[in-house]
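Take a look at the structure below.
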Amino acid sequence: MQTRQPMPNEYSIDVQNLTKKFGAFTAVNEISFNTKKGEIFGFLGANGAGKSTAMKMLCGLLVPSSGQATVASFDINKESEKVKKRIGYMSQKFSLYQDLTARENIRFFGGIYGLSNKQIKEKTDELMERLHLTDFANTQVGDLPLGWKQKLAFSVAVFHGPEIVFLDEPTGGVDPVTRREFWEMIYATAKLGTTIFVTTHYMDESEYCDRVSIMVDGRIEALGSPKELKAKYHVKSMDELFLQLARPETVKIF
Amino acid sequence: MDRFLAFVRKEIYHILRDWRTLIILLGMPIIQILLFGFAITNEIKHAKIAILDQAKDTHSKALIDKLLATEYFILDEYLSNESEIEPIFKKGNIKEVILFEPGFGQRLEKESIAHMQVIADASDPNTATMLLNYTKAIVTDYQMQQNARKKLPFSIDIHAEMFYNKELKGVYLFVPGLIAIILMLVSAMMTSISITKEKELGTMEVLLATPMQPAVIILAKVIPYLLLSFINAIIILLLGYFVFGVPIHGNLMLLLAEMILFILTVLSLGIFISTVTSSQQVALMASLMGLMLPTILLSGFIFPVENMPWPLQLISNIVPAKWFIIIIKGIMLKGAGIGLVWKETVILMGFLVFFILLSIKKFKPRLT
Amino acid sequence: MLPIIFVLPMIQLLVLSFAVDYEIKHIKLFFVDQDKSQFSGLLYNQFEASQYFIINDFSNSLAEAKESMQRGDCDQILVIPHGFEQDLYRDGTTDIQVIMNAIDGTKAGLSSSYATNIIMDFNRSLIVDFGMQSSLTATPEYQQIEMDYSYWYNPELNYQAYMVPGILVLLVTMIGGFLSSMNIVREKELGTIDQIHVTPIKKHYFIFGKTLPFWMVGMVEFGLGLLLAKLVFDIPMVGSIFTLFAFAGTYLLVVLGLGLLISTITETQQQAMFISWFFLVIFILLGGLFTAVENMPEWAQQITRLNPVRYFIEVNRMVLLKGAGFKDVASHFIVMSIFILLINSLAIFRYKKGS
């Protein structure tokens with residue numbers, strides 16, 4: 001895998017031997033994987049396994065200690081500013097401003113990605129309608145129910161039409177119905193050719209992904225489609241697989 | 001540029017939405033200057049005194065009349081013997097007791113020397129010394145009147161002139177200090193809080209994942225506060241000028257330019273604080289304890305720096321407000337031009353560069 | 001948090017108390033002598049001997065002196081005019097000009113009176129030493145009023161004795177008021193207050209449980225401060241320490257009530273902090289800490305009656321420095337009790353309504 005040269009544009013994300021050390025602690029240990037355009041890639045792992053660190057490197061928020069990666073064909077080491085223009089990011093902590101209205105949030109994020117006012121206006125109206133939020137467009141986000149906030153945050157993250165969108169545990173604390181709706185939004189976005197890179201705790205959600213990787217202690221222990229992985233490890237569900245891979249002591253510690 | 005404006009607009013929304021904070025930010029300078037201008041004064045008026053006149057002759061009576069004719073003293077009561085002095089002080093509202101010896105006037109006429117005694121309540125040493133000085137001045141004046149009739153040789157007249165503040169108004173001293181403090185509060189405290197808030201809420205991460213340059217993000221965050229501070233400073237200047245008649249003798253443009261320089265310096269300090277703190281609470285405490293108190297105490301705003309012990313005098317040099325207060329006092333009250341304040345201006349610029357470099361150095365590891 | 005609660009205030013007490021000193025000494029004097037005579041030399045010596053003045057420049061040019069004042073190098077200019085001695089001999093009278101940098105009005109007023117005193121003394125000695133010798137006329141006797149003075153309760157004019165009791169009040173108020181309001185708002189902000197509201201605990205127990213620790217912290221703070229005041233500043237403690245603690249305990253109930261009230265009208269810690277700060281500044285300015293209440297105009301003095309800080313500072317000074325007993329401060333206790341009743345019932349009313 002390491003010797004193969006990727007074709008330009010063949011992969012939306014291409015990672016080789018990516019490593020991040022904080023002092024003596026190795027958070028991410030020589031991971032390698034790639035994603036195709038329009039793929040939904042699940043990035044699983046226990047708390048502290050190194051998911052967020054890896055994701056932050058890909059978004060240009062952290063500089064890798066060693067290894068290479070390209071995102072949208074740009075080198076994250078040398079061209080992180082170009083990378084940032086082509087990605088969307090929804091953080092684990094809440095990413096919208098609570099004291100701004102839905103419309104103002106969209107306008108702000110659209111603005112900083114360089115969309116024109118006209119574009120923003122048109123797309124906002126359309127988006128509000130799609131999310132059934134038209135009546136609440138001028139409500140401060142802090143007053144919206146959590147599920148709506150999450151859907152809105154996702155819409156904002158893909159508002160500028162990024163090639164790849166990174167979602168860091170987007171469905172935490174959301175009810176099953178909203179989660180379902182949320183995943184429908186993800187599917188719709190992926191269909192348009194956007195790569196979805198999503199970390200999650202919910203093992204049932206991982207079944208929705210095209211491919212998943214499971215990280216344990218900074219390494220990728222398993223990589224493949226949910227079906228392949230279940231067959232390979234002789235388990236019935238992803239849940240079982242996860243418990244088998246994430247060693248008991250790790251689970252205890254975190 | 002559009003991106004930048006989008007950011008600035010968002011920042012302004014934040015400020016406008018939190019109306020409680022905004023009211024305080026705008027109301028504080030107004031209330032403070034009104035208090036300082038009208039209520040806070042070091043001048044002593046109508047201090048209550050008691051008198052024990054054991055002479056009751058023309059001279060003692062004339063001197064008492066002279067004392068009470070001023071606006072400094074109000075007679076609370078006449079005492080009849082010395083044992084009443086202690087209890088009357090304990091009650092707490094008498095500031096000074098004046099005693100005339102028996103035969104005061106007689107001795108003055110016959111022996112050319114008479115004695116009186118003044119006891120001041122020095123639990124407030126400041127008021128005590130001032131009252132004593134007033135008393136002394138009035139007594140000396142009386143003595144001169146007495147002697148003037150006699151055509152004594154060698155009499156020296158003293159012409160005292162008060163430069164820069166003819167009526168000795170306290171507000172002259174407070175306006176420059178208040179400007180410094182308000183600018184410090186709004187600029188340093190609010191920027192450090194608003195940046196740490198984004199960190200705490202996790203939105204900073206999202207911003208950094210966008211194509212916006214980190215430096216631009218910070219700049220856009222800072223601009224609304226620069227405006228707010230500037231508006232505050234102007235309000236104080238206007239109130240000072242129109243309500244209290246604090247003049248602006250020097251060049252207004254120079255004054256405004258120096259104000260912007262100071263605001264930038266303090267903003268950079270606020271940014272620096274935000275790079276080393278991670279929660280609002282810590283930023284708040286650091287700004288309040290680390291900035292406000294030194295600014296109030298060590299800038300020469302209320303307490304003259306020259307009187308402090310030398311370690312504090314030394315520390316006062318690293319308080320940017322000290323230099324700024326020297327500059328605006330110079331420009332407003334003395335009519336100084338850049339020629340007289342260039343040294344202080346260079347020092348402020350030095351602070352500015354220092355804090356910016358420090359912030360860049362501290363900020364980098366978080367971005368990369 | 002602990003260092004902020006205990007260590008910082010103590011450091012502040014130390015630093016503040018050293019920094020706060022109104023005493024005017026070391027006035028920088030520019031001595032302009034255009035006469036260069038025996039008399040002007042004598043006057044120069046008088047000023048040089050004074051503890052209040054430092055002659056930091058000497059010249060015969062007034063313009064030069066004014067420039068120096070403009071630069072901020074001197075605070076006061078004394079001008080001995082040309083012909084000073086000659087005029088005194090010939091006309092028996094002459095002028096001295098004193099120019100003050102009056103931006104700080106208080107300082108200017110005081111230093112002007114210091115200068116006047118020195119010149120008057122000098123004048124008197126001139127009359128005595130030279131007037132007698134002048135053969136022109138028989139000099140009439142110079143009438144003199146000797147004024148003795150004494151400073152009671154603080155004979156050495158120790159400024160710390162005045163400031164430390166006041167600063168102590170500030171610190172106790174800050175810790176009590178700020179922390180309690182921020183603490184409750186923090187529960188609101190984090191949502192943990194709902195957790196408590198669903199438990200069967202009675203609301204007043206919750207409030208009581210929330211404020212009691214801060215009451216204790218405040219008392220400990222006060223005790224530590226007093227100890228420091230005694231050990232470091234050697235502040236006299238004439239009156240009953242028990243009365244003092246009793247008052248501190250009462251006062252803290254007012255402050256905690258205020259903190260609670262603020263927490264009911266704010267939503268975030270930032271707002272709570274700003275509002276507390278806002279009131280604190282007003283309380284301090286109108287509390288008689290830096291400038292005596294008696295000097296304020298009547299209306300401002302009336303406002304200070306609503307200021308709890310003022311009462312505590314007064315009681316502290318009265319008890320510590322003057323040895324006032326419980327009877328002397330009884331009225332202060334009554335006022336505090338009224339405050340406690342009013343503020344706390346308002347706070348609890350608002351608190352119940354809000355939740």
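In the structure tokens, chains take the letters A, B, ... in the order shown, each chain's residues start at 1, and ligands count up from 1 in the order shown.
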
Starting from chain C, keep only residues with some atom at most 6 Å from an atom of chain B, counting only C-alpha atoms, and report them as an MDAnalysis selection string. chainID C and resid 19 88 92:105 143:154 157 162 271 291 295:296 300

Mind writing the picked residues with C-alpha atoms as a compact mmCIF listing (two decimals), in the first residue's frame?
# COMPACT_ATOMS: atom_id res chain seq x y z
CA ALA C 19 0.77 52.21 47.31
CA LEU C 88 13.01 95.07 51.35
CA GLY C 92 10.07 97.49 53.45
CA THR C 93 8.09 95.21 51.15
CA THR C 94 8.56 92.96 48.17
CA ASP C 95 7.01 90.05 46.27
CA ILE C 96 7.77 86.41 45.81
CA GLN C 97 6.05 84.47 43.12
CA VAL C 98 5.14 80.85 43.58
CA ILE C 99 3.90 78.82 40.61
CA MET C 100 2.30 75.42 41.07
CA ASN C 101 1.56 72.65 38.63
CA ALA C 102 -2.08 72.40 39.68
CA ILE C 103 -3.27 69.46 37.59
CA ASP C 104 -3.48 67.58 40.85
CA GLY C 105 -5.36 70.27 42.73
CA GLN C 143 2.85 89.92 67.44
CA GLN C 144 2.94 86.22 67.18
CA ILE C 145 0.37 83.50 67.67
CA GLU C 146 1.96 80.20 68.50
CA MET C 147 -0.12 77.33 67.26
CA ASP C 148 0.56 73.97 68.85
CA TYR C 149 -1.05 71.01 67.26
CA SER C 150 -1.50 67.37 67.92
CA TYR C 151 -2.83 64.52 65.88
CA TRP C 152 -5.03 62.26 67.89
CA TYR C 153 -5.66 58.58 67.27
CA ASN C 154 -2.83 58.45 64.77
CA LEU C 157 0.07 60.21 60.63
CA TYR C 162 -6.22 54.75 57.78
CA GLN C 271 -22.60 39.67 32.93
CA THR C 291 -11.90 60.49 49.70
CA ASN C 295 -16.10 66.29 51.55
CA MET C 296 -18.81 65.24 49.16
CA ALA C 300 -23.77 62.56 47.25

Neighbours of chain B in chain A at 9 Å, counting only C-alpha atoms, as a PyMOL selection string: chain A and resi 56+59-64+80-97+99-100+104-105+107-116

So that I can check the surroundings of A:Ala69, please list as a CSV table (one decimal) with N, CA and C atoms, in the first residue's frame every protein, DNA and RNA residue that reaches within 6 Å of it, counting only C-alpha atoms and ignoring chain neighbours fewer than 4 positions away.
chain,number,residue,atom,x,y,z
A,14,ASP,N,-6.1,11.1,1.0
A,14,ASP,CA,-5.1,10.1,0.9
A,14,ASP,C,-4.0,10.3,2.0
A,15,VAL,N,-4.0,9.3,2.9
A,15,VAL,CA,-3.2,9.4,4.1
A,15,VAL,C,-2.1,8.3,4.1
A,16,GLN,N,-0.8,8.7,4.3
A,16,GLN,CA,0.2,7.7,4.4
A,16,GLN,C,1.1,7.9,5.6
A,75,ASP,N,-1.5,19.0,-0.4
A,75,ASP,CA,-0.6,18.5,0.7
A,75,ASP,C,-1.0,19.2,2.0
A,76,ILE,N,-1.3,18.5,3.0
A,76,ILE,CA,-1.7,19.2,4.2
A,76,ILE,C,-0.5,19.8,4.9

Alpha helix (DSSP H) positions in stretch 114-222 of chain A, given as a count of residues only: 46

Identify, on the basis of only C-alpha atoms, every residue whose closest approach to B:Ile64 does not exceed 12 Å; exclude the query and any residue fewer than 4 positions from it along the same chain; express the result as a list in words.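 Residues near the query, excluding close chain neighbours: Ile49, Ala50, Ile51, Leu52, Asp53, Ala55, Lys56, Asp57, Thr58, His59, Ser60, Leu68, Ala69, Thr70, Phe73, Ile74, Leu75, Tyr78, Val97, Ile98, Leu99, Phe100, Met116, Thr135, Ile138, Val139 and Tyr142 of chain B.
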
Neighbours of A:Asp125 within 12 Å (only C-alpha atoms; same-chain residues fewer than 6 positions away dropped), as an MDAnalysis selection string? chainID A and resid 102:103 106:107 118:119 131:138

Residues of the last selection are to be written out with N, CA and C atoms, as an mmCIF file, in the first residue's frame.
data_model
loop_
_atom_site.group_PDB
_atom_site.id
_atom_site.type_symbol
_atom_site.label_atom_id
_atom_site.label_comp_id
_atom_site.auth_asym_id
_atom_site.auth_seq_id
_atom_site.Cartn_x
_atom_site.Cartn_y
_atom_site.Cartn_z
ATOM 1 N N ALA A 102 -30.224 32.023 12.973
ATOM 2 C CA ALA A 102 -29.841 31.035 11.972
ATOM 3 C C ALA A 102 -29.328 31.746 10.725
ATOM 4 N N ARG A 103 -30.095 32.750 10.287
ATOM 5 C CA ARG A 103 -29.730 33.464 9.078
ATOM 6 C C ARG A 103 -28.370 34.155 9.217
ATOM 7 N N ILE A 106 -25.517 31.663 8.980
ATOM 8 C CA ILE A 106 -25.254 31.245 7.598
ATOM 9 C C ILE A 106 -24.525 32.356 6.849
ATOM 10 N N ARG A 107 -25.003 33.560 7.051
ATOM 11 C CA ARG A 107 -24.414 34.687 6.350
ATOM 12 C C ARG A 107 -22.949 34.862 6.739
ATOM 13 N N LYS A 118 -25.431 37.828 -2.799
ATOM 14 C CA LYS A 118 -26.560 37.334 -3.566
ATOM 15 C C LYS A 118 -26.653 35.812 -3.444
ATOM 16 N N GLN A 119 -25.496 35.166 -3.640
ATOM 17 C CA GLN A 119 -25.450 33.707 -3.502
ATOM 18 C C GLN A 119 -25.963 33.283 -2.136
ATOM 19 N N LEU A 131 -35.039 22.782 5.365
ATOM 20 C CA LEU A 131 -34.968 22.338 6.761
ATOM 21 C C LEU A 131 -36.233 22.679 7.537
ATOM 22 N N HIS A 132 -37.233 23.233 6.856
ATOM 23 C CA HIS A 132 -38.464 23.685 7.515
ATOM 24 C C HIS A 132 -38.152 24.683 8.616
ATOM 25 N N LEU A 133 -37.213 25.537 8.361
ATOM 26 C CA LEU A 133 -36.771 26.487 9.392
ATOM 27 C C LEU A 133 -37.195 27.907 9.058
ATOM 28 N N THR A 134 -37.942 28.060 7.933
ATOM 29 C CA THR A 134 -38.230 29.412 7.461
ATOM 30 C C THR A 134 -38.782 30.314 8.565
ATOM 31 N N ASP A 135 -39.684 29.739 9.380
ATOM 32 C CA ASP A 135 -40.295 30.553 10.430
ATOM 33 C C ASP A 135 -39.308 30.923 11.537
ATOM 34 N N PHE A 136 -38.247 30.144 11.628
ATOM 35 C CA PHE A 136 -37.306 30.377 12.724
ATOM 36 C C PHE A 136 -35.985 30.982 12.255
ATOM 37 N N ALA A 137 -35.978 31.472 11.004
ATOM 38 C CA ALA A 137 -34.721 31.981 10.439
ATOM 39 C C ALA A 137 -34.166 33.118 11.270
ATOM 40 N N ASN A 138 -35.064 33.874 11.907
ATOM 41 C CA ASN A 138 -34.575 35.016 12.679
ATOM 42 C C ASN A 138 -34.618 34.774 14.186
#

Contacts of A:Glu207 at 9 Å or less, counting only C-alpha atoms, minus same-chain residues fewer than 2 places along, as JSON, numbers by chain? {"A": [42, 203, 204, 205, 209, 210, 211, 212, 225, 226, 227, 237, 238]}

For the residues selected in the previous step, produce a file with N, CA and C atoms as a PDB file, in the first residue's frame.
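So selection-v2.pdb came out as:
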ATOM      1  N   GLY A  42     -16.513   6.212   7.715  1.00  0.00           N
ATOM      2  CA  GLY A  42     -16.699   6.256   9.168  1.00  0.00           C
ATOM      3  C   GLY A  42     -15.373   6.083   9.880  1.00  0.00           C
ATOM      4  N   MET A 203     -22.320   2.716  17.167  1.00  0.00           N
ATOM      5  CA  MET A 203     -21.922   1.642  16.273  1.00  0.00           C
ATOM      6  C   MET A 203     -22.993   1.345  15.229  1.00  0.00           C
ATOM      7  N   ASP A 204     -24.265   1.582  15.581  1.00  0.00           N
ATOM      8  CA  ASP A 204     -25.301   1.373  14.572  1.00  0.00           C
ATOM      9  C   ASP A 204     -25.120   2.352  13.423  1.00  0.00           C
ATOM     10  N   GLU A 205     -24.642   3.547  13.731  1.00  0.00           N
ATOM     11  CA  GLU A 205     -24.415   4.529  12.677  1.00  0.00           C
ATOM     12  C   GLU A 205     -23.326   4.065  11.715  1.00  0.00           C
ATOM     13  N   CYS A 209     -22.224   3.655   6.940  1.00  0.00           N
ATOM     14  CA  CYS A 209     -21.076   4.151   6.182  1.00  0.00           C
ATOM     15  C   CYS A 209     -20.705   3.198   5.052  1.00  0.00           C
ATOM     16  N   ASP A 210     -20.094   3.765   4.012  1.00  0.00           N
ATOM     17  CA  ASP A 210     -19.599   2.912   2.930  1.00  0.00           C
ATOM     18  C   ASP A 210     -18.450   2.072   3.434  1.00  0.00           C
ATOM     19  N   ARG A 211     -17.500   2.750   4.098  1.00  0.00           N
ATOM     20  CA  ARG A 211     -16.374   2.038   4.693  1.00  0.00           C
ATOM     21  C   ARG A 211     -16.103   2.621   6.058  1.00  0.00           C
ATOM     22  N   VAL A 212     -15.528   1.803   6.922  1.00  0.00           N
ATOM     23  CA  VAL A 212     -15.160   2.329   8.238  1.00  0.00           C
ATOM     24  C   VAL A 212     -13.738   1.915   8.564  1.00  0.00           C
ATOM     25  N   SER A 225     -15.430  -2.250   4.461  1.00  0.00           N
ATOM     26  CA  SER A 225     -16.855  -1.968   4.561  1.00  0.00           C
ATOM     27  C   SER A 225     -17.378  -2.730   5.774  1.00  0.00           C
ATOM     28  N   PRO A 226     -18.462  -2.281   6.376  1.00  0.00           N
ATOM     29  CA  PRO A 226     -18.990  -2.961   7.553  1.00  0.00           C
ATOM     30  C   PRO A 226     -19.211  -4.445   7.285  1.00  0.00           C
ATOM     31  N   LYS A 227     -19.676  -4.761   6.110  1.00  0.00           N
ATOM     32  CA  LYS A 227     -19.962  -6.150   5.766  1.00  0.00           C
ATOM     33  C   LYS A 227     -18.684  -6.987   5.756  1.00  0.00           C
ATOM     34  N   SER A 237     -22.373  -8.016  14.743  1.00  0.00           N
ATOM     35  CA  SER A 237     -22.638  -6.573  14.635  1.00  0.00           C
ATOM     36  C   SER A 237     -21.339  -5.795  14.798  1.00  0.00           C
ATOM     37  N   MET A 238     -21.364  -4.554  14.389  1.00  0.00           N
ATOM     38  CA  MET A 238     -20.201  -3.686  14.539  1.00  0.00           C
ATOM     39  C   MET A 238     -19.895  -3.473  16.015  1.00  0.00           C
TER      40      MET A 238
END

Extract, using only C-alpha atoms, all DNA, RNA and protein residues at most 12 Å from B:Leu252, discarding same-chain residues fewer than 2 positions from it, and format them as a PDB file with C-alpha atoms, in the first residue's frame.
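out_10.pdb, freshly written:
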ATOM      1  CA  ILE B 234     -14.876  60.497  23.072  1.00  0.00           C
ATOM      2  CA  LEU B 237     -13.718  63.873  26.561  1.00  0.00           C
ATOM      3  CA  PRO B 247      -9.920  72.055  28.495  1.00  0.00           C
ATOM      4  CA  ILE B 248      -8.073  70.552  25.566  1.00  0.00           C
ATOM      5  CA  HIS B 249      -5.204  72.970  25.115  1.00  0.00           C
ATOM      6  CA  GLY B 250      -3.150  70.875  22.753  1.00  0.00           C
ATOM      7  CA  LEU B 254      -2.529  64.467  18.242  1.00  0.00           C
ATOM      8  CA  LEU B 255      -4.698  63.605  21.232  1.00  0.00           C
ATOM      9  CA  LEU B 256      -6.886  61.279  19.180  1.00  0.00           C
ATOM     10  CA  ALA B 257      -3.854  59.681  17.551  1.00  0.00           C
ATOM     11  CA  GLU B 258      -2.305  59.008  20.946  1.00  0.00           C
ATOM     12  CA  MET B 259      -5.596  57.540  22.123  1.00  0.00           C
ATOM     13  CA  ILE B 328      -2.810  63.059  27.688  1.00  0.00           C
ATOM     14  CA  ILE B 331      -1.647  67.427  25.608  1.00  0.00           C
ATOM     15  CA  MET B 332      -4.949  68.342  27.255  1.00  0.00           C
ATOM     16  CA  LEU B 333      -3.886  70.450  30.185  1.00  0.00           C
ATOM     17  CA  GLY B 335      -0.962  72.115  25.602  1.00  0.00           C
ATOM     18  CA  ALA B 336       2.075  70.000  24.886  1.00  0.00           C
ATOM     19  CA  GLY B 337       2.969  69.048  21.320  1.00  0.00           C
ATOM     20  CA  ILE B 338       4.625  65.850  20.157  1.00  0.00           C
TER      21      ILE B 338
END
